[in-house]
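J.: To be precise about what I am sending: the file is called upload_0.cif and holds mmCIF, C-alpha atoms and all ligand atoms.
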data_query
loop_
_atom_site.group_PDB
_atom_site.id
_atom_site.type_symbol
_atom_site.label_atom_id
_atom_site.label_comp_id
_atom_site.auth_asym_id
_atom_site.auth_seq_id
_atom_site.Cartn_x
_atom_site.Cartn_y
_atom_site.Cartn_z
ATOM 1 C CA MET A 30 12.691 6.442 -6.851
ATOM 2 C CA SER A 31 9.538 7.574 -8.605
ATOM 3 C CA VAL A 32 6.819 4.948 -8.920
ATOM 4 C CA SER A 33 3.597 5.199 -10.894
ATOM 5 C CA LEU A 34 0.582 3.142 -9.957
ATOM 6 C CA GLN A 35 -3.193 3.070 -10.197
ATOM 7 C CA VAL A 36 -5.014 3.524 -6.903
ATOM 8 C CA ASN A 37 -8.796 3.403 -6.770
ATOM 9 C CA GLY A 38 -8.893 4.009 -10.514
ATOM 10 C CA LYS A 39 -6.604 7.041 -10.487
ATOM 11 C CA SER A 40 -3.046 7.240 -11.789
ATOM 12 C CA VAL A 41 -0.633 8.488 -9.145
ATOM 13 C CA SER A 42 3.119 8.935 -8.928
ATOM 14 C CA VAL A 43 5.047 8.839 -5.673
ATOM 15 C CA ASP A 44 8.667 9.147 -4.642
ATOM 16 C CA ALA A 45 9.582 6.281 -2.354
ATOM 17 C CA ALA A 46 12.535 4.014 -1.722
ATOM 18 C CA ASP A 47 12.182 0.765 -3.642
ATOM 19 C CA ASP A 48 11.962 -1.211 -0.391
ATOM 20 C CA THR A 49 9.106 0.880 1.042
ATOM 21 C CA PRO A 50 6.112 -1.365 1.775
ATOM 22 C CA LEU A 51 2.975 -0.530 -0.177
ATOM 23 C CA LEU A 52 1.209 0.141 3.113
ATOM 24 C CA TRP A 53 3.410 3.160 3.821
ATOM 25 C CA VAL A 54 3.129 4.437 0.281
ATOM 26 C CA LEU A 55 -0.653 4.334 0.627
ATOM 27 C CA ARG A 56 -0.804 5.803 4.130
ATOM 28 C CA ASP A 57 2.110 8.244 4.247
ATOM 29 C CA GLU A 58 2.540 9.354 0.653
ATOM 30 C CA LEU A 59 -1.064 9.170 -0.596
ATOM 31 C CA LYS A 60 -2.805 9.817 2.770
ATOM 32 C CA LEU A 61 -5.092 6.821 2.243
ATOM 33 C CA THR A 62 -5.395 5.834 5.871
ATOM 34 C CA GLY A 63 -8.170 3.284 5.398
ATOM 35 C CA THR A 64 -5.498 0.635 5.046
ATOM 36 C CA LYS A 65 -4.413 -0.209 8.572
ATOM 37 C CA TYR A 66 -1.203 -1.358 10.166
ATOM 38 C CA GLY A 67 -1.561 -4.316 12.482
ATOM 39 C CA CYS A 68 1.132 -6.920 12.901
ATOM 40 C CA GLY A 69 3.496 -5.865 10.120
ATOM 41 C CA ILE A 70 4.402 -9.473 9.378
ATOM 42 C CA SER A 71 1.665 -10.525 6.924
ATOM 43 C CA GLN A 72 -0.325 -12.403 9.557
ATOM 44 C CA CYS A 73 -3.331 -10.340 10.675
ATOM 45 C CA GLY A 74 -4.726 -9.018 7.378
ATOM 46 C CA ALA A 75 -5.312 -5.453 8.600
ATOM 47 C CA CYS A 76 -3.332 -4.084 5.667
ATOM 48 C CA THR A 77 -5.052 -6.145 2.958
ATOM 49 C CA VAL A 78 -5.608 -4.384 -0.373
ATOM 50 C CA LEU A 79 -6.635 -5.614 -3.807
ATOM 51 C CA ALA A 80 -3.925 -5.705 -6.487
ATOM 52 C CA ASP A 81 -5.278 -6.615 -9.921
ATOM 53 C CA GLY A 82 -8.351 -7.970 -8.139
ATOM 54 C CA ALA A 83 -6.468 -10.254 -5.784
ATOM 55 C CA PRO A 84 -6.030 -9.604 -2.055
ATOM 56 C CA ILE A 85 -2.465 -8.956 -0.947
ATOM 57 C CA ARG A 86 -0.902 -7.837 2.317
ATOM 58 C CA ALA A 87 0.410 -4.286 1.884
ATOM 59 C CA CYS A 88 2.774 -4.486 4.848
HETATM 60 S S1 LIG B 101 -0.249 -5.491 9.153
HETATM 61 FE FE1 LIG B 101 -0.835 -7.519 9.643
HETATM 62 S S2 LIG B 101 -0.849 -8.511 7.751
HETATM 63 FE FE2 LIG B 101 -0.090 -6.539 7.274
#
Would you encode the structure as structure tokens?
T.:
Amino acid sequence: MSVSLQVNGKSVSVDAADDTPLLWVLRDELKLTGTKYGCGISQCGACTVLADGAPIRAC
């Protein structure tokens, strides 16, 4: 599935399964490795990103 999104002000399009967590789209598809994997269960906050100005867990 092709998905279009804005990342750091740039429009990007990636092919990913619709159940792929945003974290892996950012890290594996877009090579944006600043977003870290920690617990993987929305508890530690290591994967936090801003979506429309609000913090969300990307895992
Ligand atoms: S990896 Fe811990 S909250 Fe996402």
J.: Running the PyMOL selection byres (((chain A and resi 53-56) around 12) and not hetatm) on this model by hand, what would come out? Give it as JSON, numbers by chain.
T.: {"A": [31, 32, 33, 34, 35, 36, 37, 41, 42, 43, 44, 45, 46, 47, 48, 49, 50, 51, 52, 57, 58, 59, 60, 61, 62, 63, 64, 65, 66, 69, 76, 77, 78, 86, 87, 88]}
J.: Taking all atoms of ligand LIG 101 (chain B) that the file lists, what box with edges along x, y and z, padded by 4 Å per side, do you get, with centre and edge lengths in Å to one decimal, as AutoDock Vina command-line options?
T.:
--center_x -0.5 --center_y -7.0 --center_z 8.5 --size_x 8.8 --size_y 11.0 --size_z 10.4
J.: Could you check how far atom CA of A:Gln72 sits from atom S1 of ligand LIG 101 (chain B), in Å to one decimal?
T.: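 Separation between atom CA of A:Gln72 and atom S1 of ligand LIG 101 (chain B): 6.9 Å.
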J.: From the list A:Ala75, A:Ser40, A:Gly82, A:Met30, which residue is nearest ligand LIG 101 (chain B) when using all atoms listed in the file?
T.: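 Between A:Ala75, A:Ser40, A:Gly82, A:Met30, the residue approaching ligand LIG 101 (chain B) most closely is A:Ala75.
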J.: Using all atoms listed in the file, can you tell me which of A:Gly67, A:Gly38, A:Ala80, A:Ile85 comes closest to ligand LIG 101 (chain B)?
T.: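 Among the listed residues, the smallest separation from ligand LIG 101 (chain B) belongs to A:Gly67.
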J.: Starting from the sparse input, extend stretch 34-61 of chain A to N, CA and C atoms and give the output as a CSV table (one decimal), in the frame of the given file.
T.:
chain,number,residue,atom,x,y,z
A,34,LEU,N,1.5,4.2,-10.2
A,34,LEU,CA,0.6,3.1,-10.0
A,34,LEU,C,-0.8,3.7,-10.1
A,35,GLN,N,-1.8,2.7,-10.2
A,35,GLN,CA,-3.2,3.1,-10.2
A,35,GLN,C,-3.8,2.7,-8.8
A,36,VAL,N,-4.4,3.7,-8.2
A,36,VAL,CA,-5.0,3.5,-6.9
A,36,VAL,C,-6.5,4.0,-7.0
A,37,ASN,N,-7.4,3.1,-6.7
A,37,ASN,CA,-8.8,3.4,-6.8
A,37,ASN,C,-9.2,4.0,-8.1
A,38,GLY,N,-8.6,3.5,-9.2
A,38,GLY,CA,-8.9,4.0,-10.5
A,38,GLY,C,-8.2,5.3,-11.0
A,39,LYS,N,-7.3,5.8,-10.1
A,39,LYS,CA,-6.6,7.0,-10.5
A,39,LYS,C,-5.1,6.7,-10.6
A,40,SER,N,-4.5,7.4,-11.6
A,40,SER,CA,-3.0,7.2,-11.8
A,40,SER,C,-2.4,8.2,-10.8
A,41,VAL,N,-1.4,7.7,-10.1
A,41,VAL,CA,-0.6,8.5,-9.1
A,41,VAL,C,0.8,8.2,-9.3
A,42,SER,N,1.7,9.1,-8.9
A,42,SER,CA,3.1,8.9,-8.9
A,42,SER,C,3.7,9.4,-7.6
A,43,VAL,N,4.5,8.5,-7.0
A,43,VAL,CA,5.0,8.8,-5.7
A,43,VAL,C,6.6,8.6,-5.7
A,44,ASP,N,7.2,9.4,-4.8
A,44,ASP,CA,8.7,9.1,-4.6
A,44,ASP,C,8.8,8.3,-3.4
A,45,ALA,N,9.4,7.2,-3.5
A,45,ALA,CA,9.6,6.3,-2.4
A,45,ALA,C,10.8,5.4,-2.6
A,46,ALA,N,11.4,5.0,-1.6
A,46,ALA,CA,12.5,4.0,-1.7
A,46,ALA,C,12.0,2.7,-2.2
A,47,ASP,N,12.7,2.0,-3.0
A,47,ASP,CA,12.2,0.8,-3.6
A,47,ASP,C,11.9,-0.3,-2.6
A,48,ASP,N,12.3,-0.2,-1.4
A,48,ASP,CA,12.0,-1.2,-0.4
A,48,ASP,C,10.9,-0.7,0.6
A,49,THR,N,10.2,0.4,0.2
A,49,THR,CA,9.1,0.9,1.0
A,49,THR,C,7.9,0.0,0.8
A,50,PRO,N,7.3,-0.6,1.9
A,50,PRO,CA,6.1,-1.4,1.8
A,50,PRO,C,5.0,-0.5,1.2
A,51,LEU,N,4.1,-1.2,0.4
A,51,LEU,CA,3.0,-0.5,-0.2
A,51,LEU,C,2.1,0.2,0.9
A,52,LEU,N,2.0,-0.5,2.0
A,52,LEU,CA,1.2,0.1,3.1
A,52,LEU,C,1.6,1.6,3.4
A,53,TRP,N,2.9,1.8,3.5
A,53,TRP,CA,3.4,3.2,3.8
A,53,TRP,C,3.3,4.1,2.6
A,54,VAL,N,3.4,3.6,1.5
A,54,VAL,CA,3.1,4.4,0.3
A,54,VAL,C,1.7,4.9,0.3
A,55,LEU,N,0.8,4.0,0.6
A,55,LEU,CA,-0.7,4.3,0.6
A,55,LEU,C,-0.9,5.3,1.8
A,56,ARG,N,-0.5,5.0,3.0
A,56,ARG,CA,-0.8,5.8,4.1
A,56,ARG,C,0.0,7.1,4.2
A,57,ASP,N,1.3,7.1,4.0
A,57,ASP,CA,2.1,8.2,4.2
A,57,ASP,C,2.2,9.1,3.0
A,58,GLU,N,2.4,8.5,1.9
A,58,GLU,CA,2.5,9.4,0.7
A,58,GLU,C,1.2,9.8,0.1
A,59,LEU,N,0.2,8.9,0.0
A,59,LEU,CA,-1.1,9.2,-0.6
A,59,LEU,C,-2.2,9.5,0.4
A,60,LYS,N,-1.9,9.5,1.7
A,60,LYS,CA,-2.8,9.8,2.8
A,60,LYS,C,-4.1,9.0,2.7
A,61,LEU,N,-4.0,7.7,2.3
A,61,LEU,CA,-5.1,6.8,2.2
A,61,LEU,C,-5.0,6.0,3.5
